[in-house]
$ cat input-v5.cif   # mmCIF, C-alpha atoms
data_start
loop_
_atom_site.label_atom_id
_atom_site.label_comp_id
_atom_site.auth_asym_id
_atom_site.auth_seq_id
_atom_site.Cartn_x
_atom_site.Cartn_y
_atom_site.Cartn_z
CA MET Q 1 0.00 0.00 0.00
CA THR Q 2 1.52 3.33 -0.98
CA GLN Q 3 0.83 6.26 1.24
CA GLU Q 4 -0.50 9.45 -0.31
CA LEU Q 5 1.92 12.37 0.07
CA THR Q 6 0.56 15.38 1.90
CA ARG Q 7 0.54 18.79 0.21
CA LEU Q 8 3.53 19.90 2.29
CA GLN Q 9 5.46 16.70 1.52
CA ARG Q 10 4.99 17.31 -2.21
CA GLN Q 11 6.16 20.92 -1.86
CA ILE Q 12 9.23 19.90 0.12
CA GLY Q 13 9.94 17.08 -2.36
CA PHE Q 14 9.95 19.61 -5.21
CA LEU Q 15 12.22 22.00 -3.29
CA VAL Q 16 14.73 19.24 -2.48
CA GLU Q 17 14.75 18.12 -6.14
CA MET Q 18 15.52 21.73 -7.17
CA ASP Q 19 18.90 21.41 -5.46
CA LYS Q 20 20.08 19.62 -8.62
CA ALA Q 21 20.06 22.92 -10.56
CA LYS Q 22 23.28 23.68 -8.64
CA SER Q 23 24.99 20.92 -10.62
CA VAL Q 24 23.86 21.95 -14.12
CA PHE Q 25 26.71 23.93 -15.63
CA ARG Q 26 26.45 26.63 -18.26
CA GLN Q 27 29.01 27.95 -20.75
CA SER Q 28 29.68 31.28 -18.99
CA TYR Q 29 32.60 31.60 -16.59
CA LEU Q 30 32.37 33.35 -13.23
CA THR Q 31 33.89 36.85 -13.33
CA ASP Q 32 37.09 35.56 -11.67
CA GLY Q 33 37.41 32.87 -14.37
CA SER Q 34 37.76 30.10 -11.77
CA ARG Q 35 35.00 27.86 -13.16
CA LYS Q 36 31.76 27.85 -15.14
CA GLU Q 37 28.52 29.13 -13.68
CA ASN Q 38 25.67 26.81 -12.74
CA ASP Q 39 21.94 27.25 -13.28
CA ALA Q 40 21.05 28.06 -9.65
CA GLU Q 41 23.62 30.86 -9.58
CA HIS Q 42 22.46 32.13 -12.96
CA MET Q 43 18.80 32.25 -11.86
CA TRP Q 44 19.74 34.14 -8.68
CA HIS Q 45 21.86 36.59 -10.64
CA LEU Q 46 18.97 37.25 -13.05
CA ALA Q 47 16.61 37.91 -10.14
CA LEU Q 48 19.04 40.56 -8.88
CA CYS Q 49 19.18 42.07 -12.38
CA VAL Q 50 15.39 42.31 -12.33
CA LEU Q 51 15.44 44.05 -8.93
CA VAL Q 52 18.07 46.58 -9.98
CA LEU Q 53 17.22 47.13 -13.66
CA GLY Q 54 13.41 47.05 -13.62
CA GLU Q 55 13.24 50.71 -14.66
CA TYR Q 56 14.61 49.81 -18.11
CA ALA Q 57 11.73 47.47 -19.05
CA ALA Q 58 10.24 48.51 -22.41
CA GLU Q 59 6.73 48.47 -20.94
CA PRO Q 60 5.40 48.48 -17.34
CA VAL Q 61 5.84 44.99 -15.86
CA ASP Q 62 4.46 43.05 -12.90
CA LEU Q 63 7.65 42.64 -10.90
CA VAL Q 64 6.57 39.51 -8.97
CA ARG Q 65 5.73 37.77 -12.21
CA VAL Q 66 9.11 38.63 -13.75
CA LEU Q 67 10.87 37.45 -10.58
CA LYS Q 68 8.98 34.14 -10.59
CA MET Q 69 9.86 33.74 -14.27
CA VAL Q 70 13.60 34.21 -13.90
CA LEU Q 71 13.71 32.14 -10.70
CA ILE Q 72 12.30 29.06 -12.46
CA HIS Q 73 13.15 29.61 -16.13
CA ASP Q 74 15.99 27.09 -16.30
CA ILE Q 75 14.85 24.38 -13.87
CA VAL Q 76 13.87 22.12 -16.77
CA GLU Q 77 17.61 21.82 -17.42
CA ILE Q 78 17.83 19.55 -14.35
CA ASP Q 79 16.55 16.85 -16.71
CA ALA Q 80 17.15 18.36 -20.16
CA GLY Q 81 20.65 19.81 -19.61
CA ASP Q 82 21.89 23.24 -20.65
CA THR Q 83 21.61 24.06 -24.34
CA TYR Q 84 24.16 26.72 -25.32
CA ILE Q 85 22.48 29.66 -26.94
CA TYR Q 86 24.79 29.44 -29.97
CA ASP Q 87 24.26 25.63 -30.39
CA ASP Q 88 21.87 25.29 -33.34
CA VAL Q 89 21.89 21.48 -33.31
CA GLY Q 90 21.02 21.19 -29.63
CA ARG Q 91 18.36 23.83 -30.02
CA ALA Q 92 16.49 21.72 -32.58
CA THR Q 93 15.49 19.14 -29.93
CA GLN Q 94 15.41 21.55 -27.00
CA ALA Q 95 11.65 22.19 -26.85
CA GLU Q 96 10.78 18.49 -26.80
CA ARG Q 97 13.42 17.62 -24.15
CA GLU Q 98 12.38 20.53 -21.98
CA GLY Q 99 8.67 19.73 -22.28
CA ARG Q 100 9.25 16.26 -20.85
CA ALA Q 101 11.39 17.74 -18.07
CA ALA Q 102 8.63 20.21 -17.21
CA ASP Q 103 6.10 17.36 -16.96
CA ARG Q 104 8.21 15.53 -14.42
CA LEU Q 105 9.59 18.44 -12.40
CA TYR Q 106 6.52 20.67 -12.09
CA GLY Q 107 4.53 17.45 -11.61
CA LEU Q 108 6.22 17.01 -8.22
CA LEU Q 109 4.17 19.96 -6.91
CA PRO Q 110 0.51 20.01 -5.80
CA ALA Q 111 -1.70 20.47 -8.88
CA ASP Q 112 -2.51 24.16 -8.30
CA GLN Q 113 1.16 25.12 -7.98
CA GLU Q 114 2.15 22.88 -10.88
CA ALA Q 115 -0.36 24.72 -13.08
CA GLU Q 116 0.75 28.16 -11.90
CA LEU Q 117 4.50 27.70 -12.31
CA ARG Q 118 4.20 25.78 -15.56
CA GLU Q 119 2.09 28.56 -17.02
CA ILE Q 120 4.71 31.13 -15.96
CA TRP Q 121 7.47 29.06 -17.56
CA GLU Q 122 5.47 28.69 -20.79
CA GLU Q 123 4.84 32.44 -20.79
CA PHE Q 124 8.60 32.97 -20.51
CA GLU Q 125 9.25 30.65 -23.42
CA ALA Q 126 6.63 32.32 -25.65
CA ARG Q 127 7.96 35.90 -25.22
CA ALA Q 128 4.51 37.32 -25.92
CA THR Q 129 4.10 39.51 -22.82
CA PRO Q 130 6.03 42.55 -21.48
CA GLU Q 131 7.11 40.43 -18.47
CA SER Q 132 8.55 37.60 -20.57
CA ARG Q 133 10.29 40.00 -22.97
CA PHE Q 134 11.93 41.82 -20.08
CA ALA Q 135 12.92 38.51 -18.42
CA ALA Q 136 14.42 37.37 -21.74
CA ALA Q 137 16.36 40.64 -22.03
CA VAL Q 138 18.09 40.21 -18.65
CA ASP Q 139 18.68 36.53 -19.53
CA ARG Q 140 20.77 37.82 -22.48
CA LEU Q 141 22.40 40.66 -20.59
CA GLN Q 142 23.81 38.65 -17.67
CA PRO Q 143 25.97 36.21 -19.71
CA VAL Q 144 27.33 39.18 -21.71
CA LEU Q 145 28.46 40.79 -18.44
CA LEU Q 146 30.20 37.56 -17.37
CA ASN Q 147 31.84 37.21 -20.76
CA LEU Q 148 33.12 40.78 -20.70
CA ALA Q 149 34.52 40.30 -17.18
CA THR Q 150 36.57 37.37 -18.50
CA GLU Q 151 37.74 39.17 -21.66
CA GLY Q 152 35.34 37.20 -23.84
CA ARG Q 153 36.50 33.77 -22.71
CA ALA Q 154 33.37 31.71 -23.51
CA TRP Q 155 32.93 33.51 -26.85
CA ARG Q 156 36.54 32.80 -27.80
CA GLU Q 157 36.27 29.14 -26.75
CA HIS Q 158 33.22 28.76 -28.98
CA ARG Q 159 34.72 30.92 -31.78
CA MET Q 160 31.84 33.37 -31.73
CA GLY Q 161 32.33 36.68 -33.49
CA ALA Q 162 30.55 39.95 -32.84
CA ASP Q 163 28.22 39.26 -35.77
CA ARG Q 164 26.65 36.23 -34.05
CA VAL Q 165 26.77 37.72 -30.57
CA LEU Q 166 24.89 40.76 -31.85
CA ALA Q 167 22.36 38.66 -33.76
CA VAL Q 168 21.55 36.39 -30.79
CA ASN Q 169 21.41 39.19 -28.25
CA SER Q 170 19.47 41.66 -30.38
CA LYS Q 171 16.33 40.05 -28.91
CA MET Q 172 17.11 42.20 -25.86
CA GLU Q 173 15.84 45.22 -27.73
CA ALA Q 174 12.16 44.22 -27.47
CA GLY Q 175 12.27 43.86 -23.68
CA ALA Q 176 14.75 46.54 -22.66
CA PRO Q 177 15.87 48.87 -25.48
CA ASP Q 178 18.13 51.04 -23.30
CA LEU Q 179 19.96 47.97 -21.99
CA TRP Q 180 20.40 46.78 -25.55
CA ASP Q 181 21.95 50.15 -26.56
CA TYR Q 182 24.34 49.82 -23.64
CA VAL Q 183 25.27 46.23 -24.52
CA ARG Q 184 25.99 47.24 -28.12
CA GLN Q 185 28.47 49.84 -26.84
CA LEU Q 186 30.08 47.20 -24.61
CA LEU Q 187 30.38 44.80 -27.53
CA ASP Q 188 31.94 47.48 -29.77
CA ASP Q 189 34.42 48.11 -27.00
CA ALA Q 190 35.13 44.36 -26.68
CA VAL Q 191 35.93 44.20 -30.41
CA ALA Q 192 38.21 47.24 -30.06
CA ARG Q 193 40.06 45.52 -27.20
CA GLY Q 194 40.45 42.27 -29.15
CA TRP Q 195 38.23 40.20 -26.82
CA LEU Q 196 35.79 39.47 -29.61
CA ASP Q 197 36.44 38.98 -33.34
CA GLU Q 198 34.31 41.00 -35.71
CA LYS Q 199 33.24 37.96 -37.70
CA THR Q 200 32.51 34.38 -36.61
CA SER Q 201 35.19 32.13 -38.11
CA MET P 1 40.19 63.80 -13.98
CA THR P 2 37.85 61.02 -12.90
CA GLN P 3 34.69 60.57 -14.87
CA GLU P 4 31.38 60.40 -13.04
CA LEU P 5 29.71 57.02 -13.45
CA THR P 6 26.25 57.07 -15.00
CA ARG P 7 23.30 55.56 -13.15
CA LEU P 8 23.36 52.50 -15.41
CA GLN P 9 27.12 52.06 -14.98
CA ARG P 10 26.70 52.03 -11.19
CA GLN P 11 23.89 49.48 -11.43
CA ILE P 12 25.92 47.23 -13.73
CA GLY P 13 28.96 47.63 -11.47
CA PHE P 14 26.92 46.41 -8.51
CA LEU P 15 25.54 43.45 -10.47
CA VAL P 16 29.00 42.37 -11.64
CA GLU P 17 30.33 42.63 -8.06
CA MET P 18 27.48 40.37 -6.90
CA ASP P 19 29.03 37.54 -8.91
CA LYS P 20 31.40 37.04 -5.97
CA ALA P 21 28.57 35.56 -3.86
CA LYS P 22 29.05 32.43 -6.00
CA SER P 23 32.43 31.93 -4.34
CA VAL P 24 31.33 32.34 -0.69
CA PHE P 25 30.84 28.83 0.66
CA ARG P 26 28.50 27.81 3.45
CA GLN P 27 28.59 24.78 5.78
CA SER P 28 25.70 22.88 4.16
CA TYR P 29 26.41 20.23 1.52
CA LEU P 30 24.44 19.90 -1.70
CA THR P 31 21.91 17.04 -1.53
CA ASP P 32 24.26 14.78 -3.53
CA GLY P 33 27.06 15.46 -1.01
CA SER P 34 29.49 16.44 -3.78
CA ARG P 35 30.50 19.81 -2.29
CA LYS P 36 29.33 22.65 -0.05
CA GLU P 37 26.71 25.12 -1.15
CA ASN P 38 27.56 28.74 -1.96
CA ASP P 39 25.64 31.90 -1.08
CA ALA P 40 24.24 32.57 -4.56
CA GLU P 41 22.77 29.06 -4.72
CA HIS P 42 21.41 29.40 -1.19
CA MET P 43 19.68 32.72 -1.95
CA TRP P 44 18.10 31.25 -5.09
CA HIS P 45 16.92 28.19 -3.19
CA LEU P 46 15.34 30.40 -0.51
CA ALA P 47 13.52 32.42 -3.16
CA LEU P 48 12.02 29.17 -4.49
CA CYS P 49 11.00 28.23 -0.93
CA VAL P 50 9.21 31.57 -0.66
CA LEU P 51 7.36 30.96 -3.94
CA VAL P 52 6.24 27.47 -2.99
CA LEU P 53 5.69 27.80 0.78
CA GLY P 54 4.20 31.31 1.07
CA GLU P 55 0.90 29.86 2.30
CA TYR P 56 2.58 28.81 5.57
CA ALA P 57 3.59 32.35 6.63
CA ALA P 58 2.30 33.08 10.15
CA GLU P 59 0.75 36.36 8.98
CA PRO P 60 -0.10 37.74 5.53
CA VAL P 61 3.11 38.90 3.82
CA ASP P 62 4.06 41.13 0.89
CA LEU P 63 5.56 38.51 -1.39
CA VAL P 64 7.79 40.91 -3.39
CA ARG P 65 9.30 42.24 -0.19
CA VAL P 66 10.06 38.71 1.11
CA LEU P 67 11.58 37.80 -2.26
CA LYS P 68 13.79 40.90 -2.27
CA MET P 69 14.84 40.06 1.29
CA VAL P 70 15.94 36.50 0.62
CA LEU P 71 17.58 37.43 -2.69
CA ILE P 72 19.93 39.90 -0.97
CA HIS P 73 20.10 38.72 2.64
CA ASP P 74 23.59 37.18 2.43
CA ILE P 75 25.35 39.49 -0.05
CA VAL P 76 27.26 41.17 2.81
CA GLU P 77 29.13 37.86 3.12
CA ILE P 78 31.01 38.79 -0.08
CA ASP P 79 33.14 40.97 2.23
CA ALA P 80 32.31 39.57 5.69
CA GLY P 81 32.41 35.85 4.93
CA ASP P 82 29.90 33.22 6.03
CA THR P 83 29.36 32.92 9.79
CA TYR P 84 28.09 29.44 10.67
CA ILE P 85 24.86 29.64 12.59
CA TYR P 86 26.29 27.46 15.39
CA ASP P 87 29.55 29.52 15.65
CA ASP P 88 29.12 31.67 18.78
CA VAL P 89 32.59 33.26 18.54
CA GLY P 90 32.18 34.37 14.93
CA ARG P 91 28.71 35.64 15.70
CA ALA P 92 30.08 38.10 18.30
CA THR P 93 31.76 40.23 15.60
CA GLN P 94 29.28 39.45 12.81
CA ALA P 95 27.14 42.60 13.03
CA GLU P 96 30.12 44.95 12.84
CA ARG P 97 31.77 43.07 9.94
CA GLU P 98 28.51 42.90 8.02
CA GLY P 99 27.74 46.58 8.61
CA ARG P 100 30.99 47.58 6.94
CA ALA P 101 30.31 45.18 4.08
CA ALA P 102 26.85 46.69 3.59
CA ASP P 103 28.37 50.20 3.40
CA ARG P 104 30.68 49.17 0.59
CA LEU P 105 28.44 46.82 -1.37
CA TYR P 106 25.12 48.68 -1.32
CA GLY P 107 27.18 51.86 -1.78
CA LEU P 108 27.99 50.70 -5.32
CA LEU P 109 24.36 51.40 -6.30
CA PRO P 110 22.71 54.74 -7.10
CA ALA P 111 21.64 56.39 -3.80
CA ASP P 112 17.90 55.62 -4.11
CA GLN P 113 18.52 51.91 -4.70
CA GLU P 114 21.21 51.78 -2.02
CA ALA P 115 18.70 53.16 0.49
CA GLU P 116 15.93 50.78 -0.58
CA LEU P 117 17.94 47.57 -0.53
CA ARG P 118 19.84 48.45 2.62
CA GLU P 119 16.55 49.11 4.41
CA ILE P 120 15.22 45.74 3.28
CA TRP P 121 18.38 44.02 4.52
CA GLU P 122 18.16 45.79 7.90
CA GLU P 123 14.50 44.80 8.14
CA PHE P 124 15.54 41.19 7.56
CA GLU P 125 18.17 41.40 10.29
CA ALA P 126 15.75 42.96 12.82
CA ARG P 127 13.04 40.27 12.47
CA ALA P 128 10.37 42.77 13.53
CA THR P 129 7.95 42.39 10.59
CA PRO P 130 5.90 39.44 9.27
CA GLU P 131 8.00 39.52 6.08
CA SER P 132 11.33 39.28 7.90
CA ARG P 133 10.09 36.56 10.25
CA PHE P 134 8.89 34.47 7.32
CA ALA P 135 12.14 35.05 5.42
CA ALA P 136 14.07 34.00 8.54
CA ALA P 137 11.95 30.85 8.83
CA VAL P 138 12.77 29.65 5.29
CA ASP P 139 16.41 30.62 5.92
CA ARG P 140 16.37 28.03 8.75
CA LEU P 141 14.32 25.45 6.88
CA GLN P 142 16.47 25.17 3.75
CA PRO P 143 19.75 24.13 5.47
CA VAL P 144 17.78 21.55 7.51
CA LEU P 145 16.53 20.03 4.24
CA LEU P 146 20.08 19.86 2.84
CA ASN P 147 21.36 18.34 6.06
CA LEU P 148 18.65 15.68 6.08
CA ALA P 149 19.37 14.81 2.43
CA THR P 150 22.98 14.09 3.41
CA GLU P 151 22.12 12.12 6.57
CA GLY P 152 23.09 15.01 8.84
CA ARG P 153 26.57 15.46 7.40
CA ALA P 154 27.22 19.12 8.36
CA TRP P 155 25.69 18.57 11.82
CA ARG P 156 27.92 15.55 12.41
CA GLU P 157 31.02 17.38 11.19
CA HIS P 158 30.30 20.18 13.67
CA ARG P 159 29.20 17.75 16.45
CA MET P 160 25.78 19.35 16.75
CA GLY P 161 23.13 17.41 18.66
CA ALA P 162 19.37 17.69 18.35
CA ASP P 163 19.28 19.96 21.42
CA ARG P 164 21.23 22.74 19.67
CA VAL P 165 19.65 22.18 16.29
CA LEU P 166 16.21 22.54 17.87
CA ALA P 167 17.23 25.62 19.89
CA VAL P 168 18.70 27.46 16.89
CA ASN P 169 15.90 26.55 14.52
CA SER P 170 13.02 27.17 16.93
CA LYS P 171 13.05 30.76 15.65
CA MET P 172 11.17 29.31 12.66
CA GLU P 173 8.06 29.10 14.80
CA ALA P 174 7.42 32.86 14.81
CA GLY P 175 7.48 33.11 11.01
CA ALA P 176 5.99 29.80 9.92
CA PRO P 177 4.58 27.65 12.76
CA ASP P 178 3.37 24.82 10.51
CA LEU P 179 6.78 24.51 8.88
CA TRP P 180 8.36 24.41 12.33
CA ASP P 181 6.04 21.55 13.38
CA TYR P 182 7.08 19.68 10.26
CA VAL P 183 10.79 20.29 10.85
CA ARG P 184 10.47 19.02 14.42
CA GLN P 185 9.06 15.76 13.07
CA LEU P 186 11.90 15.52 10.57
CA LEU P 187 14.46 16.10 13.34
CA ASP P 188 12.87 13.43 15.58
CA ASP P 189 13.09 11.08 12.64
CA ALA P 190 16.76 12.03 12.06
CA VAL P 191 17.55 11.16 15.70
CA ALA P 192 15.73 7.84 15.33
CA ARG P 193 17.79 7.05 12.21
CA GLY P 194 21.05 7.93 13.97
CA TRP P 195 21.80 10.95 11.71
CA LEU P 196 21.71 13.33 14.64
CA ASP P 197 22.75 12.73 18.28
CA GLU P 198 20.24 13.70 20.93
CA LYS P 199 22.72 15.84 22.85
CA THR P 200 25.57 18.06 21.62
CA SER P 201 28.85 16.49 22.76
#
$ encode --input "input-v5.cif" --output "structure tokens"
Amino acid sequence: MTQELTRLQRQIGFLVEMDKAKSVFRQSYLTDGSRKENDAEHMWHLALCVLVLGEYAAEPVDLVRVLKMVLIHDIVEIDAGDTYIYDDVGRATQAEREGRAADRLYGLLPADQEAELREIWEEFEARATPESRFAAAVDRLQPVLLNLATEGRAWREHRMGADRVLAVNSKMEAGAPDLWDYVRQLLDDAVARGWLDEKTS
Amino acid sequence: MTQELTRLQRQIGFLVEMDKAKSVFRQSYLTDGSRKENDAEHMWHLALCVLVLGEYAAEPVDLVRVLKMVLIHDIVEIDAGDTYIYDDVGRATQAEREGRAADRLYGLLPADQEAELREIWEEFEARATPESRFAAAVDRLQPVLLNLATEGRAWREHRMGADRVLAVNSKMEAGAPDLWDYVRQLLDDAVARGWLDEKTS
């Protein structure tokens, strides 16, 4: 006979499972170059970006909703792994892998919370609301800041030139145009310093 | 001639400095036991606890304020280091060390944001509002969950018995009484399994 989990047991079970995001590594290096960043750290850093840079959102946003979005946006990678933003092959199967991960991971929660958080994650993925466009903008900004702090290390390792970096990150413009202007200046400067090639080789 | 930083440059400077929280290590182990947790991961994990467990707050709380609180509550440790909750010697100088850290770190921000975030951090430290008591409760809960997942590893390394663990964590009761009841059951169970001694040696 299996015993039914209580609501609190399901919530705690989900929270304990979330610990695994601390072991999913991304391509960006920490600013001191000592190692790559993991998903838990990345989601925390984005939440801070939202707190500090909210005034640059293209349209008025519901701050709690943006915070929820960035705090959960990469948890599917616990099962699906990190797909590098410049990896076109990996990105072809990404939606399907992440959909299965969302079924399992959000499914650990009580049904009402599963529905709420899954909807917020799907909103993030669809980029059709001011909140999701702003969340997506800071999700592009933060890795650029880490890359610049390490003189373009992840870009150089992946042989990315300014052309591709600009193309991928130009999606920032819709969510936070002023931040995008600033990032373009930073990228010009990175090319001038030799941290980033003009063209992808 | 030094050039005045723009508002955005100050904000970005603060956010880049925050990266260092990823290199401040705590005493808790990740659930897989592979290494200790760092402050950035801990703050993210607490924010998730707030999202999922908000219904257990002792009094109605402003969710954004609690989220801001847990997202920044340990950033002073970038300068002041982590003080283990069972370290009475370190705790004697903690307030003074953390005050200086707050001056420097929040001082990186534009004045209005420095004032806002510093006030939220001081509210957290004072535990005088429903928001700060609930934030403090999840700040006690999360390390207990990590410790239980590793069969009491950090407690055993520091020779903590159930008497001290209960005394330190009983502050949870004021912010989230139902979560405290649940944690007490988990701790009884940990003693029964031999993961935690009854008395501190």
$ resolve_selection --input "input-v5.cif" --expression "the PyMOL selection byres ((chain P) within 6 of (chain Q))" --output "CSV table (one decimal) with C-alpha atoms, keeping the file's coordinate frame"
chain,number,residue,atom,x,y,z
P,40,ALA,CA,24.2,32.6,-4.6
P,41,GLU,CA,22.8,29.1,-4.7
P,44,TRP,CA,18.1,31.2,-5.1
P,64,VAL,CA,7.8,40.9,-3.4
$ residues_around --input "input-v5.cif" --residues "Ala162 (chain P)" --least-positions-apart "5" --cutoff "10 Å" --atoms "all atoms listed in the file" --output "list in words"
Trp155, Ala167, Val168, Arg184, Leu187, Asp188, Ala190, Val191, Trp195, Leu196, Asp197, Glu198, Lys199 and Thr200 of chain P
$ closest_residue --input "input-v5.cif" --among "P:Ala92, P:Glu157, P:Asp62, P:Ala80" --to "Glu131 (chain P)" --atoms "all atoms listed in the file"
P:Asp62
$ residues_around --input "input-v5.cif" --residues "Pro177 (chain Q)" --least-positions-apart "2" --cutoff "12 Å" --atoms "all atoms listed in the file" --output "PDB file with C-alpha atoms, in the coordinates of the input"
ATOM      1  CA  GLU Q  55      13.240  50.710 -14.660  1.00  0.00           C
ATOM      2  CA  TYR Q  56      14.610  49.810 -18.110  1.00  0.00           C
ATOM      3  CA  ALA Q  57      11.730  47.470 -19.050  1.00  0.00           C
ATOM      4  CA  ALA Q  58      10.240  48.510 -22.410  1.00  0.00           C
ATOM      5  CA  GLU Q  59       6.730  48.470 -20.940  1.00  0.00           C
ATOM      6  CA  ARG Q 133      10.290  40.000 -22.970  1.00  0.00           C
ATOM      7  CA  PHE Q 134      11.930  41.820 -20.080  1.00  0.00           C
ATOM      8  CA  ALA Q 137      16.360  40.640 -22.030  1.00  0.00           C
ATOM      9  CA  VAL Q 138      18.090  40.210 -18.650  1.00  0.00           C
ATOM     10  CA  LEU Q 141      22.400  40.660 -20.590  1.00  0.00           C
ATOM     11  CA  ASN Q 169      21.410  39.190 -28.250  1.00  0.00           C
ATOM     12  CA  SER Q 170      19.470  41.660 -30.380  1.00  0.00           C
ATOM     13  CA  LYS Q 171      16.330  40.050 -28.910  1.00  0.00           C
ATOM     14  CA  MET Q 172      17.110  42.200 -25.860  1.00  0.00           C
ATOM     15  CA  GLU Q 173      15.840  45.220 -27.730  1.00  0.00           C
ATOM     16  CA  ALA Q 174      12.160  44.220 -27.470  1.00  0.00           C
ATOM     17  CA  GLY Q 175      12.270  43.860 -23.680  1.00  0.00           C
ATOM     18  CA  LEU Q 179      19.960  47.970 -21.990  1.00  0.00           C
ATOM     19  CA  TRP Q 180      20.400  46.780 -25.550  1.00  0.00           C
ATOM     20  CA  ASP Q 181      21.950  50.150 -26.560  1.00  0.00           C
ATOM     21  CA  TYR Q 182      24.340  49.820 -23.640  1.00  0.00           C
ATOM     22  CA  VAL Q 183      25.270  46.230 -24.520  1.00  0.00           C
ATOM     23  CA  ARG Q 184      25.990  47.240 -28.120  1.00  0.00           C
TER      24      ARG Q 184
END
$ atom_distance --input "input-v5.cif" --atom1 "CA of Ala154 (chain Q)" --atom2 "CA of Arg35 (chain Q)"
11.2 Å
$ closest_residue --input "input-v5.cif" --among "P:Val61, P:Val50, P:Ile85, P:Ala95" --to "Met160 (chain P)" --atoms "only C-alpha atoms"
P:Ile85
$ atom_distance --input "input-v5.cif" --atom1 "CA of Thr93 (chain P)" --atom2 "CA of Pro143 (chain P)"
22.5 Å
$ atom_distance --input "input-v5.cif" --atom1 "CA of Val165 (chain P)" --atom2 "CA of Phe25 (chain P)"
20.3 Å
$ closest_residue --input "input-v5.cif" --among "Q:Arg159, Q:Ala128, Q:Val76, Q:Gln27" --to "Gly107 (chain Q)" --atoms "all atoms listed in the file"
Q:Val76
$ closest_residue --input "input-v5.cif" --among "P:Ala111, P:Val24, P:Leu166, P:Ala101" --to "Asp82 (chain P)" --atoms "only C-alpha atoms"
P:Val24
$ residues_near_point --input "input-v5.cif" --point "(7.3, 34.1, -19.8)" --cutoff "10 Å" --atoms "all atoms listed in the file" --output "number ranges by chain"
Q: 65-66, 68-70, 73, 118-136
